[in-house]
Amino acid sequence: MGAAKRIRTNPRQLATDVLAEVDLDDLVESIDIAGPGFLNIRLKPSFLSEQLTKTTLLETEAQPKCIVVDYSSPNLAKEMHVGHLRSTVIGDAVARTLELVGHDVIRQNHIGDWGTAFGRLLAYLDDVGDGLAQDADLRNIEKLYVKASSRFGSDSAFADRSRAMVLALQSHDADAMAKWEHFMALAQQHMSEIYTKLDVSLQPEHTRGESSYNADIAPLIEDLQKQNDVLVESDGALCIFMSQFKNKDGEIQPMIVQKSDGGYLYHTTDLAALRYRFDTLHADRVLYFTDARQILHFEMLFAASRLANLVEPSVLLEHHPFGKVLGKDGKPLKSRSGDNILLRDLLDEAIERASSLILEKNPELDETQRDEVARAVAIGAVKYADLSKNRLHDYTFDWDEMLAFDGNTAPYLQYAFARISSIFEKGNIDSSQCIEPPKLDMEVERQLAVHLLRFQEVVEHVAADAKPHYLCAYLYELTVRFMRFYEQCPILSEEGPIRDGRLTLCSRTAATLEMGLGALGIRVLARM
RNA sequence: GCGCCUGUAGCUCAAUGGAUAGAGCAUUGGCCUUCUAAGCCAAGGGUUGAAGGUUCGAAUCCUUCCAGGCGUACCA
């Protein structure tokens with residue numbers, strides 16, 4: 001590192017110097033220098049034990065910030081498919097984690113409920129007649145959109161009508177609005193059903209779609225025009241030119257704020273949304289979870305908002321991108337029928353597989369319990385499969401991998417919790433009363449204790465970097481250590497301080513699992 | 001063309017510039033008369049796409065290649 005280089009000391013010497021200066025006798029059992037200059041510190045069991053019984057699980061933020069988390073944000077012209085999983089699940093986990101550490105989190109579901117897609121859709125509905133619109137469920141509308149898009153590409157008159165429909169919506173033409181509202185009601189109902197099934201914390205009040213910024217756009221453009229040299233007309237469109245963005249011809253790539261036909265684009269709504277988040281919601285930090293194709297869009301959005309002073313310089317603007325979902329053949333994911341795999345089909349399949357496994361593993365559970373466990377296991381497995389990866393590039397979707405219930409999966413963590421619950425149930429013990437400091441004589445006990453004490457650090461890391469996979473890795477390692485402890489150390493058959501101390505380890509592990517999985521949006525189970 | 005991203009075990013993925021690059025799946029072999037075997041223990045499996053460079057130390061940082069993906073003015 002730079003520091004070591006500046007003082008021109010080799011790491012081994014530095015370690016020796018540090019060791020000579022520190023006095024940790026009351027905390028440390030042994031400390032020695034190893035390898036290139038590591039200080040290996042072995043903490044005293046008494047110190048570990050004291051920390052476990054005297055510290056809270058998680059200290060909350062002393063100075064909470066107002067953090068806006070923009071995630072899920074499906075385009076309602078289409079039914080939600082597996083491509084929506086990442087934004088929804090990762091965004092939700094980060095929102096929950098930020099809340100857990102004490103921040104004031106405002107969720108924003110920036111749904112695609114406006115724009116050209118709806119022009120095509122509504123124009124197509126006009127062409128085929130209202131009858132279809134009356135009984136169209138979302139699956140039909142999904143197909144409608146495909147047909148509308150294809151006609152848009154092949155029929156220039158239809159393309160013109162689609163664009164005219166967009167303008168009709170933007171001027172709030174009554175007929176167009178009625179069609180749009182009918183459609184939106186169906187689509188939002190579908191969206192809510194998926195969120196409920198997925199156990200995602202997004203509620204209807206978090207929905208603030210593109211259409212909700214309609215009234216803000218004209219004033220926004222007016223304000224931009226008041227600022228010298230920000231908005232420039234080019235080929236009839238109003239643009240912001242920023243020299244760091246170049247197009248394929250090496251010229252400056254404009255950010256189009258208003259199209260030559262007077263319409264607006266996603267740039268425009270996002271600028272309005274960002275302004276709203278700062279002016280009205282008073283955001284200190286804004287996080288966006290979208291796929292990686294939008295990287296350039298967000299770079300331009302953030303740069304433009306700085307240029308036009310839409311937000312204070314101190315406000316943190318972060319885009320957290322990720323790759324798209326591919327099939328096993330390495331091509332964008334399609335089901336056999338050629339459609340994208342729908343989210344509700346994935347979830348139903350997951351629950352079905354979990355249910356039949358539970359029937360086999362634990363036939364004693366009654367049907368109600370089985371349903372509850374199946375849901376928690378299935379949803380947990382699907383979410384964890386996504387959350388445990390930190391991948392910016394595309395990732396491969398595989399049914400068997402995503403719906404696996406053993407190994408490094410959510411059910412493994414849930415299983416540990418169920419085992420602990422079973423101990424407390426069998427011993428008729430209240431886990432919240434377990435305060436006996438553990439002895440930590442066995443190496444597996446010490447290993448568990450050390451890891452338990454790192455929860456705070458990991459949660460803070462997730463809150464800072466918006467990467468839930470750190471927490472997944474932590475919880476998995478915690479569970480591995482607990483399982484070793486569980487195999488080697490009898491609990492209920494012991495007596496006195498040994499038994500009580502081990503119960504404390506169990507209690508703390510269960511509480512950590514519950515809080516950690518809760519931050520990921522995954523439920524724990526007393527039985528499974 | 002230019003820009004951004006990615007390349008790690010057969011597969012899916014980890015690894016604040018640090019120690020012998022780790023997990024899971026799959027494969028092979030053990031462990032249920034004791035708190036849930038969705039578990040535990042063990043084995044095999046690597047030139048981190050390639051080559052240079054910086055550093056006491058590189059999967060990680062820099063340069064050049066190779067391969068793939070995405071973006072590149074009125075879609076989002």
# chains A, B, ... in the order shown; residues from 1 in each chain; ligands from 1
>>> closest_atom_pairs(of="chain B", to="chain A", cutoff="6 Å", atoms="only C-alpha atoms (C1' of nucleotides)", output="CSV")
residue,atom,partner,partner_atom,distance
B:C2,C1',A:Lys248,CA,5.9
B:U6,C1',A:His393,CA,5.5
B:A19,C1',A:Gly35,CA,5.8
B:G24,C1',A:Asn408,CA,5.2
B:C35,C1',A:Ile423,CA,5.5
B:U36,C1',A:Arg419,CA,5.9
B:A38,C1',A:Asp406,CA,5.6
B:C70,C1',A:Arg293,CA,5.8
B:U72,C1',A:Asn247,CA,5.0
B:C74,C1',A:Lys259,CA,5.0
>>> residues_around(residues="Ser355 in chain A", least_positions_apart="5", cutoff="8 Å", atoms="only C-alpha atoms (C1' of nucleotides)", output="list in words")
Arg370, Asp371, Val373 and Ala374 of chain A
>>> residues_around(residues="Arg344 in chain A", least_positions_apart="5", cutoff="10 Å", atoms="only C-alpha atoms (C1' of nucleotides)", output="VMD selection string")
chain A and resid 79 to 82 190 193 to 194 197 to 198 349 to 350
>>> write_last_selection(atoms="C-alpha atoms", output="PDB file, in the first residue's frame")
ATOM      1  CA  GLU A  79     -45.843  -9.306 -18.056  1.00  0.00           C
ATOM      2  CA  MET A  80     -43.070  -9.599 -15.480  1.00  0.00           C
ATOM      3  CA  HIS A  81     -40.514 -12.246 -16.425  1.00  0.00           C
ATOM      4  CA  VAL A  82     -37.300 -13.609 -14.917  1.00  0.00           C
ATOM      5  CA  HIS A 190     -50.647  -8.295 -11.755  1.00  0.00           C
ATOM      6  CA  GLU A 193     -49.704 -10.208  -7.018  1.00  0.00           C
ATOM      7  CA  ILE A 194     -46.115 -10.963  -7.973  1.00  0.00           C
ATOM      8  CA  LYS A 197     -45.925 -13.928  -3.815  1.00  0.00           C
ATOM      9  CA  LEU A 198     -42.239 -12.947  -3.918  1.00  0.00           C
ATOM     10  CA  GLU A 349     -42.684 -24.202 -10.129  1.00  0.00           C
ATOM     11  CA  ALA A 350     -40.435 -23.408  -7.162  1.00  0.00           C
TER      12      ALA A 350
END
>>> select_by_dssp(residues="range 90-168 of chain A", states="strand (DSSP E)", output="list in words")
Asp104, Val105, Ile106, Arg107 and Gln108 of chain A
>>> residues_around(residues="C31 in chain B", least_positions_apart="4", cutoff="12 Å", atoms="only C-alpha atoms (C1' of nucleotides)", output="VMD selection string")
(chain A and resid 487) or (chain B and resid 37 39 to 42)
>>> write_last_selection(atoms="N, CA and C atoms (P, O5', C5', C4', C3', O3' and C1' of nucleotides)", output="short mmCIF file (atom, residue, chain, number, x, y, z; two decimals), in the first residue's frame")
data_model
loop_
_atom_site.label_atom_id
_atom_site.label_comp_id
_atom_site.auth_asym_id
_atom_site.auth_seq_id
_atom_site.Cartn_x
_atom_site.Cartn_y
_atom_site.Cartn_z
N GLU A 487 -22.82 -30.59 15.32
CA GLU A 487 -22.42 -31.99 15.19
C GLU A 487 -21.52 -32.42 16.35
P A B 37 -30.45 -35.01 11.71
"O5'" A B 37 -30.27 -35.25 10.15
"C5'" A B 37 -30.07 -34.16 9.27
"C4'" A B 37 -29.99 -34.67 7.86
"C3'" A B 37 -31.15 -35.57 7.48
"O3'" A B 37 -31.46 -35.40 6.11
"C1'" A B 37 -29.12 -36.75 7.29
P G B 39 -27.84 -30.36 2.94
"O5'" G B 39 -27.39 -30.69 4.43
"C5'" G B 39 -27.47 -29.69 5.43
"C4'" G B 39 -26.97 -30.25 6.74
"C3'" G B 39 -25.51 -30.67 6.74
"O3'" G B 39 -24.65 -29.59 6.96
"C1'" G B 39 -26.83 -32.42 7.64
P C B 40 -23.17 -29.56 6.38
"O5'" C B 40 -22.43 -30.60 7.32
"C5'" C B 40 -22.23 -30.32 8.69
"C4'" C B 40 -21.51 -31.48 9.34
"C3'" C B 40 -20.18 -31.84 8.69
"O3'" C B 40 -19.14 -31.01 9.14
"C1'" C B 40 -21.45 -33.80 9.01
P C B 41 -17.90 -30.67 8.16
"O5'" C B 41 -17.11 -32.04 8.12
"C5'" C B 41 -16.51 -32.56 9.29
"C4'" C B 41 -15.87 -33.90 9.00
"C3'" C B 41 -14.92 -33.91 7.82
"O3'" C B 41 -13.64 -33.40 8.15
"C1'" C B 41 -16.34 -35.80 7.71
P A B 42 -12.77 -32.61 7.02
"O5'" A B 42 -12.42 -33.76 5.97
"C5'" A B 42 -11.50 -34.77 6.33
"C4'" A B 42 -11.45 -35.85 5.27
"C3'" A B 42 -11.02 -35.43 3.87
"O3'" A B 42 -9.63 -35.23 3.78
"C1'" A B 42 -12.83 -36.96 3.74
#
>>> select_by_dssp(residues="range 379-444 of chain A", states="alpha helix (DSSP H)", output="number ranges by chain")
A: 379-387, 399-402, 410-426, 443-444
>>> residues_around(residues="G17 in chain B", least_positions_apart="3", cutoff="10 Å", atoms="only C-alpha atoms (C1' of nucleotides)", output="PyMOL selection string")
(chain A and resi 1) or (chain B and resi 55+57-58+60-61)
